[in-house]
>>> print(open('data-v9.tsv').read())   # TSV, C-alpha atoms and all ligand atoms
chain	number	residue	atom	x	y	z
Q	1441	MET	CA	26.44	-9.64	-38.08
Q	1442	LYS	CA	23.40	-7.63	-36.97
Q	1443	LYS	CA	22.16	-8.02	-33.40
Q	1444	ILE	CA	18.83	-9.86	-33.05
Q	1445	LYS	CA	16.46	-9.12	-30.17
Q	1446	ILE	CA	14.27	-12.01	-29.04
Q	1447	ALA	CA	11.35	-11.83	-26.57
Q	1448	LEU	CA	10.78	-15.12	-24.74
Q	1449	THR	CA	7.67	-16.05	-22.76
Q	1450	LYS	CA	8.40	-16.38	-19.04
Q	1451	GLY	CA	7.39	-19.59	-17.30
Q	1452	ARG	CA	6.36	-22.88	-18.89
Q	1453	LEU	CA	7.78	-22.17	-22.36
Q	1454	GLU	CA	11.01	-20.65	-21.07
Q	1455	LYS	CA	13.05	-23.87	-20.69
Q	1456	HIS	CA	11.84	-25.26	-24.03
Q	1457	ALA	CA	12.86	-22.07	-25.81
Q	1458	ILE	CA	16.27	-21.89	-24.13
Q	1459	ASN	CA	16.94	-25.55	-25.07
Q	1460	ILE	CA	16.08	-24.88	-28.70
Q	1461	PHE	CA	18.46	-21.89	-28.91
Q	1462	LYS	CA	21.14	-23.85	-27.03
Q	1463	SER	CA	20.87	-26.72	-29.48
Q	1464	ILE	CA	21.55	-24.46	-32.47
Q	1465	GLY	CA	24.70	-23.13	-30.79
Q	1466	VAL	CA	23.52	-19.89	-29.16
Q	1467	ASN	CA	25.51	-19.02	-26.04
Q	1468	VAL	CA	22.64	-19.13	-23.50
Q	1469	LYS	CA	24.83	-18.96	-20.38
Q	1470	GLU	CA	23.33	-15.65	-19.17
Q	1471	LEU	CA	19.80	-17.01	-19.67
Q	1472	GLU	CA	20.51	-20.13	-17.66
Q	1473	ASP	CA	21.80	-18.11	-14.73
Q	1474	LYS	CA	19.42	-15.20	-14.90
Q	1475	GLY	CA	18.91	-13.71	-11.42
Q	1476	ARG	CA	16.71	-10.58	-11.64
Q	1477	LYS	CA	18.12	-9.32	-14.93
Q	1478	LEU	CA	15.70	-8.39	-17.72
Q	1479	VAL	CA	18.01	-8.41	-20.75
Q	1480	PHE	CA	20.42	-11.24	-21.48
Q	1481	HIS	CA	23.31	-10.63	-23.87
Q	1482	CYS	CA	24.11	-13.86	-25.63
Q	1483	LYS	CA	27.00	-13.44	-28.02
Q	1484	ASN	CA	29.51	-15.77	-29.64
Q	1485	GLU	CA	31.11	-16.21	-33.09
Q	1486	ASP	CA	27.85	-17.28	-34.73
Q	1487	TYR	CA	25.18	-15.21	-32.99
Q	1488	ASP	CA	24.68	-11.81	-31.40
Q	1489	ILE	CA	21.35	-12.05	-29.58
Q	1490	ASP	CA	19.72	-10.04	-26.77
Q	1491	PHE	CA	16.94	-12.01	-25.09
Q	1492	PHE	CA	14.15	-10.47	-22.94
Q	1493	LEU	CA	11.85	-12.50	-20.69
Q	1494	VAL	CA	8.28	-11.16	-20.58
Q	1495	LYS	CA	4.69	-12.32	-20.08
Q	1496	ALA	CA	3.07	-14.03	-23.07
Q	1497	PRO	CA	0.78	-11.17	-24.25
Q	1498	ASP	CA	3.72	-8.75	-23.94
Q	1499	VAL	CA	5.81	-10.90	-26.31
Q	1500	THR	CA	3.39	-10.03	-29.11
Q	1501	THR	CA	3.48	-6.33	-28.16
Q	1502	TYR	CA	7.29	-6.17	-28.21
Q	1503	VAL	CA	7.40	-7.91	-31.58
Q	1504	GLU	CA	4.59	-5.87	-33.07
Q	1505	TYR	CA	6.35	-2.60	-32.20
Q	1506	GLY	CA	9.75	-3.93	-33.32
Q	1507	ALA	CA	11.37	-3.66	-29.88
Q	1508	ALA	CA	11.95	-7.39	-30.38
Q	1509	ASP	CA	12.67	-8.83	-33.85
Q	1510	ILE	CA	11.50	-12.29	-32.86
Q	1511	GLY	CA	9.15	-13.67	-30.22
Q	1512	ILE	CA	8.52	-17.11	-28.79
Q	1513	VAL	CA	4.94	-17.43	-27.58
Q	1514	GLY	CA	2.08	-19.92	-27.30
Q	1515	LYS	CA	-0.52	-20.26	-30.04
Q	1516	ASP	CA	-3.14	-19.61	-27.31
Q	1517	THR	CA	-1.87	-16.04	-26.95
Q	1518	LEU	CA	-1.73	-15.53	-30.72
Q	1519	MET	CA	-5.30	-16.78	-31.14
Q	1520	GLU	CA	-6.52	-14.36	-28.51
Q	1521	LYS	CA	-4.69	-11.27	-29.72
Q	1522	ASN	CA	-4.44	-11.47	-33.52
Q	1523	LYS	CA	-1.63	-8.94	-33.90
Q	1524	GLN	CA	0.43	-7.76	-36.82
Q	1525	PHE	CA	3.53	-9.92	-37.34
Q	1526	TYR	CA	4.60	-13.07	-39.17
Q	1527	GLU	CA	4.05	-16.44	-37.51
Q	1528	VAL	CA	6.94	-18.41	-39.01
Q	1529	LEU	CA	7.41	-21.66	-37.09
Q	1530	ASP	CA	5.56	-24.18	-34.98
Q	1531	LEU	CA	8.22	-25.14	-32.42
Q	1532	LYS	CA	6.33	-28.34	-31.47
Q	1533	VAL	CA	6.98	-27.77	-27.77
Q	1534	GLY	CA	4.67	-26.55	-25.01
Q	1535	LYS	CA	1.97	-28.76	-26.46
Q	1536	CYS	CA	-1.47	-28.50	-24.92
Q	1537	LYS	CA	-5.05	-27.88	-26.07
Q	1538	PHE	CA	-8.06	-25.65	-25.60
Q	1539	SER	CA	-11.03	-27.56	-24.22
Q	1540	LEU	CA	-14.57	-26.94	-23.07
Q	1541	ALA	CA	-14.81	-28.49	-19.59
Q	1542	ALA	CA	-17.44	-28.71	-16.88
Q	1543	LEU	CA	-18.70	-30.73	-13.93
Q	1544	PRO	CA	-20.19	-34.16	-14.80
Q	1545	GLY	CA	-23.73	-33.92	-16.17
Q	1546	PHE	CA	-23.13	-30.67	-18.09
Q	1547	ASP	CA	-24.61	-30.57	-21.57
Q	1548	ILE	CA	-24.22	-27.42	-23.66
Q	1549	ASN	CA	-27.34	-28.34	-25.65
Q	1550	LYS	CA	-29.55	-29.17	-22.68
Q	1551	GLY	CA	-32.05	-26.68	-21.29
Q	1552	TYR	CA	-33.17	-23.28	-22.56
Q	1553	ASN	CA	-31.04	-21.03	-20.39
Q	1554	ARG	CA	-28.06	-19.24	-21.90
Q	1555	LYS	CA	-24.99	-21.01	-20.52
Q	1556	LYS	CA	-22.34	-19.03	-18.64
Q	1557	ILE	CA	-18.78	-19.78	-19.78
Q	1558	ALA	CA	-15.78	-18.64	-17.73
Q	1559	THR	CA	-12.50	-18.20	-19.57
Q	1560	LYS	CA	-9.19	-16.38	-19.71
Q	1561	TYR	CA	-9.56	-16.48	-23.51
Q	1562	PRO	CA	-12.83	-14.71	-24.49
Q	1563	GLU	CA	-11.91	-14.36	-28.17
Q	1564	VAL	CA	-11.14	-18.07	-28.52
Q	1565	ALA	CA	-14.37	-18.96	-26.68
Q	1566	ARG	CA	-16.43	-16.45	-28.72
Q	1567	GLU	CA	-15.15	-17.89	-31.99
Q	1568	TYR	CA	-15.77	-21.47	-30.85
Q	1569	PHE	CA	-19.40	-20.81	-29.87
Q	1570	ARG	CA	-19.98	-18.57	-32.91
Q	1571	LYS	CA	-19.04	-21.45	-35.22
Q	1572	LYS	CA	-21.38	-23.74	-33.30
Q	1573	GLU	CA	-24.10	-21.09	-33.40
Q	1574	ILE	CA	-24.59	-21.35	-29.65
Q	1575	ASP	CA	-25.42	-18.18	-27.74
Q	1576	VAL	CA	-23.51	-18.08	-24.44
Q	1577	GLU	CA	-22.54	-15.49	-21.84
Q	1578	LEU	CA	-18.76	-15.18	-21.54
Q	1579	ILE	CA	-17.23	-14.30	-18.17
Q	1580	LYS	CA	-13.60	-13.16	-18.27
Q	1581	ILE	CA	-11.44	-14.70	-15.54
Q	1582	GLU	CA	-7.73	-14.01	-15.01
Q	1583	GLY	CA	-6.62	-17.38	-13.61
Q	1584	SER	CA	-7.61	-20.63	-11.85
Q	1585	VAL	CA	-10.56	-20.79	-14.25
Q	1586	GLU	CA	-11.44	-24.30	-13.03
Q	1587	LEU	CA	-12.85	-22.74	-9.85
Q	1588	ALA	CA	-15.72	-21.01	-11.70
Q	1589	PRO	CA	-18.06	-24.00	-12.27
Q	1590	ILE	CA	-17.26	-25.44	-8.84
Q	1591	VAL	CA	-18.50	-22.37	-6.96
Q	1592	GLY	CA	-21.36	-21.66	-9.36
Q	1593	LEU	CA	-19.96	-18.66	-11.23
Q	1594	ALA	CA	-20.24	-20.46	-14.58
Q	1595	ASP	CA	-21.72	-23.59	-16.15
Q	1596	ALA	CA	-18.49	-24.49	-17.95
Q	1597	ILE	CA	-15.04	-23.21	-18.84
Q	1598	VAL	CA	-12.95	-22.77	-21.98
Q	1599	ASP	CA	-9.38	-23.25	-20.85
Q	1600	ILE	CA	-5.99	-24.76	-21.55
Q	1601	VAL	CA	-5.47	-28.41	-20.69
Q	1602	GLU	CA	-1.93	-29.71	-20.59
Q	1603	THR	CA	-1.65	-32.81	-18.41
Q	1604	GLY	CA	-5.32	-32.76	-17.33
Q	1605	THR	CA	-4.29	-32.79	-13.66
Q	1606	THR	CA	-6.04	-29.53	-12.72
Q	1607	LEU	CA	-9.33	-30.75	-14.21
Q	1608	ARG	CA	-9.01	-34.18	-12.60
Q	1609	GLU	CA	-8.12	-32.90	-9.15
Q	1610	ASN	CA	-11.13	-30.59	-9.22
Q	1611	GLY	CA	-13.68	-33.09	-10.52
Q	1612	LEU	CA	-14.12	-31.51	-13.95
Q	1613	LEU	CA	-14.45	-33.35	-17.25
Q	1614	ILE	CA	-13.66	-32.37	-20.82
Q	1615	PHE	CA	-16.90	-31.84	-22.72
Q	1616	GLU	CA	-15.19	-31.17	-26.05
Q	1617	ASP	CA	-11.67	-30.41	-27.30
Q	1618	ILE	CA	-11.43	-27.17	-29.26
Q	1619	CYS	CA	-7.92	-27.17	-30.81
Q	1620	ASP	CA	-4.28	-28.05	-30.22
Q	1621	ILE	CA	-1.78	-25.44	-29.08
Q	1622	SER	CA	2.02	-25.25	-29.14
Q	1623	ALA	CA	4.78	-22.65	-29.00
Q	1624	ARG	CA	5.33	-20.51	-32.10
Q	1625	MET	CA	8.07	-18.26	-33.42
Q	1626	ILE	CA	6.83	-14.85	-34.56
Q	1627	VAL	CA	8.81	-12.19	-36.44
Q	1628	ASN	CA	8.39	-8.42	-36.74
Q	1629	LYS	CA	7.44	-7.51	-40.32
Q	1630	ALA	CA	10.11	-4.84	-40.82
Q	1631	SER	CA	12.86	-6.92	-39.17
Q	1632	MET	CA	12.13	-9.71	-41.64
Q	1633	LYS	CA	13.40	-7.32	-44.34
Q	1634	THR	CA	16.10	-5.34	-42.52
Q	1635	LYS	CA	17.68	-8.39	-40.81
Q	1636	ARG	CA	16.78	-10.91	-43.50
Q	1637	GLU	CA	20.07	-12.79	-43.42
Q	1638	GLU	CA	20.32	-13.19	-39.64
Q	1639	ILE	CA	16.63	-14.02	-39.13
Q	1640	GLY	CA	16.50	-16.35	-42.14
Q	1641	ASP	CA	19.54	-18.22	-40.84
Q	1642	LEU	CA	17.98	-18.53	-37.39
Q	1643	ILE	CA	14.66	-19.82	-38.79
Q	1644	ASP	CA	16.54	-22.40	-40.91
Q	1645	LYS	CA	18.58	-23.67	-38.00
Q	1646	VAL	CA	15.65	-23.80	-35.58
Q	1647	SER	CA	13.44	-25.59	-38.09
Q	1648	ARG	CA	16.16	-28.20	-38.55
Q	1649	VAL	CA	16.44	-28.98	-34.83
Q	1650	ILE	CA	12.69	-29.23	-34.30
Q	1651	ALA	CA	12.16	-31.42	-37.41
Q	1701	LIG	C1	-3.13	-23.36	-16.97
Q	1701	LIG	C2	-4.57	-23.60	-17.37
Q	1701	LIG	C3	-5.00	-24.66	-16.38
Q	1701	LIG	C4	-3.74	-25.47	-16.17
Q	1701	LIG	C5	-3.79	-26.72	-17.01
Q	1701	LIG	O1	-3.09	-22.48	-15.91
Q	1701	LIG	O2	-5.33	-22.41	-17.28
Q	1701	LIG	O3	-5.44	-24.10	-15.18
Q	1701	LIG	O4	-2.65	-24.66	-16.61
Q	1701	LIG	O5	-2.66	-27.54	-16.80
Q	1701	LIG	P1	-2.79	-29.08	-16.50
Q	1701	LIG	O6	-3.74	-29.69	-17.49
Q	1701	LIG	O7	-1.40	-29.62	-16.66
Q	1701	LIG	O8	-3.29	-29.24	-15.08
Q	1701	LIG	P2	-1.75	-21.86	-15.33
Q	1701	LIG	O9	-1.04	-22.86	-14.48
Q	1701	LIG	O10	-0.95	-21.34	-16.47
Q	1701	LIG	O11	-2.21	-20.69	-14.40
Q	1701	LIG	P3	-3.61	-19.98	-14.14
Q	1701	LIG	O12	-4.58	-21.01	-13.64
Q	1701	LIG	O13	-3.31	-18.95	-13.11
Q	1701	LIG	O14	-4.04	-19.40	-15.45
>>> encode(input="data-v9.tsv", output="structure tokens")
Amino acid sequence: MKKIKIALTKGRLEKHAINIFKSIGVNVKELEDKGRKLVFHCKNEDYDIDFFLVKAPDVTTYVEYGAADIGIVGKDTLMEKNKQFYEVLDLKVGKCKFSLAALPGFDINKGYNRKKIATKYPEVAREYFRKKEIDVELIKIEGSVELAPIVGLADAIVDIVETGTTLRENGLLIFEDICDISARMIVNKASMKTKREEIGDLIDKVSRVIA
């Protein structure tokens, strides 16, 4: 049995991912009681897995370079980075969407001025407005994007909406939904060949529990 290294996204997706691996029989004890450790050795009769917990964009980097064989990461991150690996499964958890949102009265088609759009996801926003053939100015923001239209930095935002609470509590409305997002499993291209049996088995089992 070859060891598999899996990079998990810290935060919102973490619990979902751990539950999925638990339900296929992975010994996730170290992951459930993690302290400040960075690598979690999860071994039993059926699996020999080392998990790492990293930020979403780093999951793709670890997988791309082969430091992790597998990664669990949101589609939002994959859409923004477009890296070199296989996207093998939609895990159907961590469901949310990309939306264009603004204060009431906003209309992307109204007026002649080029609209300012704040976002943490400039590639997603660029592609969305390119398809619509609307020329906008994109302003990259690192977090709390909802603040931008409120204080006059931008006319609207392209951001993730999960429950809609952040928008609601800040008086913003969805102008248009862009696309749905959920957690994905990605696999390093070389690992798919060199650890075919172990990774194939894992993909089969995970796809059965999420079905
Ligand atoms: C995300 C997103 C929204 C919020 C949406 O931010 O950018 O701000 O969650 O969730 P809701 O619809 O359930 O309110 P996150 O909390 O990840 O942090 P950030 O604002 O620092 O990016």
>>> closest_residue(input="data-v9.tsv", among="Q:Arg1570, Q:Arg1624, Q:Lys1555, Q:Arg1608", to="Ala1596 in chain Q", atoms="all atoms listed in the file")
Q:Lys1555
>>> closest_atom_pairs(input="data-v9.tsv", of="chain Q", to="ligand LIG 1701 (chain Q)", cutoff="7 Å", atoms="all atoms listed in the file", output="Markdown table")
| residue | atom | partner | partner_atom | distance |
| --- | --- | --- | --- | --- |
| Q:Glu1582 | CA | Q:LIG1701 | O14 | 6.5 |
| Q:Gly1583 | CA | Q:LIG1701 | O13 | 3.7 |
| Q:Ser1584 | CA | Q:LIG1701 | O12 | 3.5 |
| Q:Val1585 | CA | Q:LIG1701 | O12 | 6.0 |
| Q:Glu1586 | CA | Q:LIG1701 | O3 | 6.4 |
| Q:Asp1599 | CA | Q:LIG1701 | O2 | 5.5 |
| Q:Ile1600 | CA | Q:LIG1701 | C2 | 4.6 |
| Q:Val1601 | CA | Q:LIG1701 | O6 | 3.9 |
| Q:Glu1602 | CA | Q:LIG1701 | O6 | 3.6 |
| Q:Thr1603 | CA | Q:LIG1701 | O7 | 3.6 |
| Q:Gly1604 | CA | Q:LIG1701 | O6 | 3.5 |
| Q:Thr1605 | CA | Q:LIG1701 | O8 | 4.0 |
| Q:Thr1606 | CA | Q:LIG1701 | O8 | 3.6 |
| Q:Leu1607 | CA | Q:LIG1701 | O8 | 6.3 |
>>> closest_residue(input="data-v9.tsv", among="Q:Val1479, Q:Ala1447, Q:Ile1579, Q:Ala1541", to="Val1503 in chain Q", atoms="only C-alpha atoms")
Q:Ala1447
>>> closest_residue(input="data-v9.tsv", among="Q:Pro1497, Q:Gly1465, Q:Gly1506, Q:Gly1451", to="Ala1630 in chain Q", atoms="all atoms listed in the file")
Q:Gly1506
>>> residues_near_point(input="data-v9.tsv", point="(9.2, -11.0, -22.3)", cutoff="12 Å", atoms="only C-alpha atoms", output="ChimeraX atom specification")
/Q:1445-1451,1453-1454,1477-1480,1490-1503,1507-1508,1510-1513
>>> closest_residue(input="data-v9.tsv", among="Q:Ser1622, Q:Val1627, Q:Val1649, Q:Met1519", to="Lys1532 in chain Q", atoms="only C-alpha atoms")
Q:Ser1622
>>> atom_distance(input="data-v9.tsv", atom1="CA of Leu1593 in chain Q", atom2="CA of Lys1556 in chain Q")
7.8 Å
>>> closest_residue(input="data-v9.tsv", among="Q:Cys1619, Q:Met1441, Q:Leu1578, Q:Ile1650", to="Ile1489 in chain Q", atoms="only C-alpha atoms")
Q:Met1441
>>> residues_around(input="data-v9.tsv", residues="Leu1471 in chain Q", least_positions_apart="2", cutoff="9 Å", atoms="only C-alpha atoms", output="PyMOL selection string")
chain Q and resi 1458+1467-1469+1473-1475+1479-1482+1491
>>> closest_residue(input="data-v9.tsv", among="Q:Leu1529, Q:Met1632, Q:Val1598, Q:Met1625", to="Ala1542 in chain Q", atoms="all atoms listed in the file")
Q:Val1598
>>> atom_distance(input="data-v9.tsv", atom1="CA of Phe1546 in chain Q", atom2="CA of Pro1562 in chain Q")
20.0 Å
>>> residues_around(input="data-v9.tsv", residues="Ile1639 in chain Q", least_positions_apart="2", cutoff="10 Å", atoms="only C-alpha atoms", output="ChimeraX atom specification")
/Q:1442-1444,1509-1510,1627,1631-1637,1641-1645
>>> write_last_selection(input="data-v9.tsv", atoms="C-alpha atoms", output="tab-separated table (two decimals), in the coordinates of the input")
chain	number	residue	atom	x	y	z
Q	1442	LYS	CA	23.40	-7.63	-36.97
Q	1443	LYS	CA	22.16	-8.02	-33.40
Q	1444	ILE	CA	18.83	-9.86	-33.05
Q	1509	ASP	CA	12.67	-8.83	-33.85
Q	1510	ILE	CA	11.50	-12.29	-32.86
Q	1627	VAL	CA	8.81	-12.19	-36.44
Q	1631	SER	CA	12.86	-6.92	-39.17
Q	1632	MET	CA	12.13	-9.71	-41.64
Q	1633	LYS	CA	13.40	-7.32	-44.34
Q	1634	THR	CA	16.10	-5.34	-42.52
Q	1635	LYS	CA	17.68	-8.39	-40.81
Q	1636	ARG	CA	16.78	-10.91	-43.50
Q	1637	GLU	CA	20.07	-12.79	-43.42
Q	1641	ASP	CA	19.54	-18.22	-40.84
Q	1642	LEU	CA	17.98	-18.53	-37.39
Q	1643	ILE	CA	14.66	-19.82	-38.79
Q	1644	ASP	CA	16.54	-22.40	-40.91
Q	1645	LYS	CA	18.58	-23.67	-38.00
>>> atom_distance(input="data-v9.tsv", atom1="CA of Val1533 in chain Q", atom2="CA of Ile1621 in chain Q")
9.2 Å
>>> residues_near_point(input="data-v9.tsv", point="(-17.6, -31.7, -21.2)", cutoff="6 Å", atoms="only C-alpha atoms", output="JSON, numbers by chain")
{"Q": [1540, 1541, 1542, 1613, 1614, 1615, 1616]}
>>> residues_around(input="data-v9.tsv", residues="Ile1618 in chain Q", least_positions_apart="6", cutoff="8 Å", atoms="all atoms listed in the file", output="PyMOL selection string")
chain Q and resi 1537-1540+1568
>>> build_atoms(input="data-v9.tsv", residues="range 1455-1488 of chain Q", atoms="N, CA and C atoms", output="PDB file, in the frame of the given file")
ATOM      1  N   LYS Q1455      12.020 -22.809 -20.575  1.00  0.00           N
ATOM      2  CA  LYS Q1455      13.050 -23.870 -20.690  1.00  0.00           C
ATOM      3  C   LYS Q1455      13.095 -24.445 -22.089  1.00  0.00           C
ATOM      4  N   HIS Q1456      11.904 -24.694 -22.659  1.00  0.00           N
ATOM      5  CA  HIS Q1456      11.840 -25.260 -24.030  1.00  0.00           C
ATOM      6  C   HIS Q1456      12.567 -24.333 -25.002  1.00  0.00           C
ATOM      7  N   ALA Q1457      12.273 -23.032 -24.883  1.00  0.00           N
ATOM      8  CA  ALA Q1457      12.860 -22.070 -25.810  1.00  0.00           C
ATOM      9  C   ALA Q1457      14.374 -22.010 -25.633  1.00  0.00           C
ATOM     10  N   ILE Q1458      14.822 -21.957 -24.388  1.00  0.00           N
ATOM     11  CA  ILE Q1458      16.270 -21.890 -24.130  1.00  0.00           C
ATOM     12  C   ILE Q1458      16.961 -23.133 -24.714  1.00  0.00           C
ATOM     13  N   ASN Q1459      16.354 -24.297 -24.527  1.00  0.00           N
ATOM     14  CA  ASN Q1459      16.940 -25.550 -25.070  1.00  0.00           C
ATOM     15  C   ASN Q1459      17.065 -25.511 -26.582  1.00  0.00           C
ATOM     16  N   ILE Q1460      16.041 -24.961 -27.234  1.00  0.00           N
ATOM     17  CA  ILE Q1460      16.080 -24.880 -28.700  1.00  0.00           C
ATOM     18  C   ILE Q1460      17.244 -23.984 -29.137  1.00  0.00           C
ATOM     19  N   PHE Q1461      17.377 -22.809 -28.510  1.00  0.00           N
ATOM     20  CA  PHE Q1461      18.460 -21.890 -28.910  1.00  0.00           C
ATOM     21  C   PHE Q1461      19.824 -22.478 -28.550  1.00  0.00           C
ATOM     22  N   LYS Q1462      19.885 -23.201 -27.430  1.00  0.00           N
ATOM     23  CA  LYS Q1462      21.140 -23.850 -27.030  1.00  0.00           C
ATOM     24  C   LYS Q1462      21.541 -24.887 -28.092  1.00  0.00           C
ATOM     25  N   SER Q1463      20.547 -25.633 -28.550  1.00  0.00           N
ATOM     26  CA  SER Q1463      20.870 -26.720 -29.480  1.00  0.00           C
ATOM     27  C   SER Q1463      21.302 -26.227 -30.867  1.00  0.00           C
ATOM     28  N   ILE Q1464      21.031 -24.960 -31.185  1.00  0.00           N
ATOM     29  CA  ILE Q1464      21.550 -24.460 -32.470  1.00  0.00           C
ATOM     30  C   ILE Q1464      22.864 -23.685 -32.269  1.00  0.00           C
ATOM     31  N   GLY Q1465      23.378 -23.706 -31.033  1.00  0.00           N
ATOM     32  CA  GLY Q1465      24.700 -23.130 -30.790  1.00  0.00           C
ATOM     33  C   GLY Q1465      24.710 -21.715 -30.251  1.00  0.00           C
ATOM     34  N   VAL Q1466      23.543 -21.219 -29.782  1.00  0.00           N
ATOM     35  CA  VAL Q1466      23.520 -19.890 -29.160  1.00  0.00           C
ATOM     36  C   VAL Q1466      24.129 -20.010 -27.753  1.00  0.00           C
ATOM     37  N   ASN Q1467      24.915 -19.028 -27.373  1.00  0.00           N
ATOM     38  CA  ASN Q1467      25.510 -19.020 -26.040  1.00  0.00           C
ATOM     39  C   ASN Q1467      24.455 -18.556 -25.029  1.00  0.00           C
ATOM     40  N   VAL Q1468      23.774 -19.493 -24.368  1.00  0.00           N
ATOM     41  CA  VAL Q1468      22.640 -19.130 -23.500  1.00  0.00           C
ATOM     42  C   VAL Q1468      23.026 -19.049 -22.020  1.00  0.00           C
ATOM     43  N   LYS Q1469      24.332 -18.931 -21.759  1.00  0.00           N
ATOM     44  CA  LYS Q1469      24.830 -18.960 -20.380  1.00  0.00           C
ATOM     45  C   LYS Q1469      24.101 -17.935 -19.495  1.00  0.00           C
ATOM     46  N   GLU Q1470      23.982 -16.698 -19.977  1.00  0.00           N
ATOM     47  CA  GLU Q1470      23.330 -15.650 -19.170  1.00  0.00           C
ATOM     48  C   GLU Q1470      21.873 -15.993 -18.876  1.00  0.00           C
ATOM     49  N   LEU Q1471      21.223 -16.655 -19.834  1.00  0.00           N
ATOM     50  CA  LEU Q1471      19.800 -17.010 -19.670  1.00  0.00           C
ATOM     51  C   LEU Q1471      19.620 -18.139 -18.663  1.00  0.00           C
ATOM     52  N   GLU Q1472      20.628 -18.994 -18.579  1.00  0.00           N
ATOM     53  CA  GLU Q1472      20.510 -20.130 -17.660  1.00  0.00           C
ATOM     54  C   GLU Q1472      20.799 -19.722 -16.223  1.00  0.00           C
ATOM     55  N   ASP Q1473      21.424 -18.565 -16.073  1.00  0.00           N
ATOM     56  CA  ASP Q1473      21.800 -18.110 -14.730  1.00  0.00           C
ATOM     57  C   ASP Q1473      21.285 -16.674 -14.621  1.00  0.00           C
ATOM     58  N   LYS Q1474      19.947 -16.521 -14.576  1.00  0.00           N
ATOM     59  CA  LYS Q1474      19.420 -15.200 -14.900  1.00  0.00           C
ATOM     60  C   LYS Q1474      19.245 -14.205 -13.751  1.00  0.00           C
ATOM     61  N   GLY Q1475      19.117 -14.656 -12.524  1.00  0.00           N
ATOM     62  CA  GLY Q1475      18.910 -13.710 -11.420  1.00  0.00           C
ATOM     63  C   GLY Q1475      17.707 -12.817 -11.679  1.00  0.00           C
ATOM     64  N   ARG Q1476      17.852 -11.492 -11.437  1.00  0.00           N
ATOM     65  CA  ARG Q1476      16.710 -10.580 -11.640  1.00  0.00           C
ATOM     66  C   ARG Q1476      16.899  -9.723 -12.892  1.00  0.00           C
ATOM     67  N   LYS Q1477      17.864 -10.109 -13.721  1.00  0.00           N
ATOM     68  CA  LYS Q1477      18.120  -9.320 -14.930  1.00  0.00           C
ATOM     69  C   LYS Q1477      16.951  -9.406 -15.912  1.00  0.00           C
ATOM     70  N   LEU Q1478      16.811  -8.404 -16.751  1.00  0.00           N
ATOM     71  CA  LEU Q1478      15.700  -8.390 -17.720  1.00  0.00           C
ATOM     72  C   LEU Q1478      16.185  -8.580 -19.148  1.00  0.00           C
ATOM     73  N   VAL Q1479      17.448  -8.220 -19.403  1.00  0.00           N
ATOM     74  CA  VAL Q1479      18.010  -8.410 -20.750  1.00  0.00           C
ATOM     75  C   VAL Q1479      19.247  -9.300 -20.628  1.00  0.00           C
ATOM     76  N   PHE Q1480      19.334 -10.266 -21.536  1.00  0.00           N
ATOM     77  CA  PHE Q1480      20.420 -11.240 -21.480  1.00  0.00           C
ATOM     78  C   PHE Q1480      21.208 -11.160 -22.785  1.00  0.00           C
ATOM     79  N   HIS Q1481      22.471 -10.759 -22.677  1.00  0.00           N
ATOM     80  CA  HIS Q1481      23.310 -10.630 -23.870  1.00  0.00           C
ATOM     81  C   HIS Q1481      23.951 -11.968 -24.160  1.00  0.00           C
ATOM     82  N   CYS Q1482      23.615 -12.531 -25.301  1.00  0.00           N
ATOM     83  CA  CYS Q1482      24.110 -13.860 -25.630  1.00  0.00           C
ATOM     84  C   CYS Q1482      24.869 -13.771 -26.952  1.00  0.00           C
ATOM     85  N   LYS Q1483      26.180 -13.670 -26.830  1.00  0.00           N
ATOM     86  CA  LYS Q1483      27.000 -13.440 -28.020  1.00  0.00           C
ATOM     87  C   LYS Q1483      28.081 -14.502 -28.128  1.00  0.00           C
ATOM     88  N   ASN Q1484      28.326 -14.959 -29.342  1.00  0.00           N
ATOM     89  CA  ASN Q1484      29.510 -15.770 -29.640  1.00  0.00           C
ATOM     90  C   ASN Q1484      29.870 -15.550 -31.111  1.00  0.00           C
ATOM     91  N   GLU Q1485      30.691 -16.403 -31.689  1.00  0.00           N
ATOM     92  CA  GLU Q1485      31.110 -16.210 -33.090  1.00  0.00           C
ATOM     93  C   GLU Q1485      29.935 -16.220 -34.064  1.00  0.00           C
ATOM     94  N   ASP Q1486      28.943 -17.066 -33.770  1.00  0.00           N
ATOM     95  CA  ASP Q1486      27.850 -17.280 -34.730  1.00  0.00           C
ATOM     96  C   ASP Q1486      26.632 -16.395 -34.516  1.00  0.00           C
ATOM     97  N   TYR Q1487      26.397 -15.959 -33.282  1.00  0.00           N
ATOM     98  CA  TYR Q1487      25.180 -15.210 -32.990  1.00  0.00           C
ATOM     99  C   TYR Q1487      25.441 -14.018 -32.078  1.00  0.00           C
ATOM    100  N   ASP Q1488      24.681 -12.936 -32.332  1.00  0.00           N
ATOM    101  CA  ASP Q1488      24.680 -11.810 -31.400  1.00  0.00           C
ATOM    102  C   ASP Q1488      23.212 -11.547 -31.061  1.00  0.00           C
TER     103      ASP Q1488
END
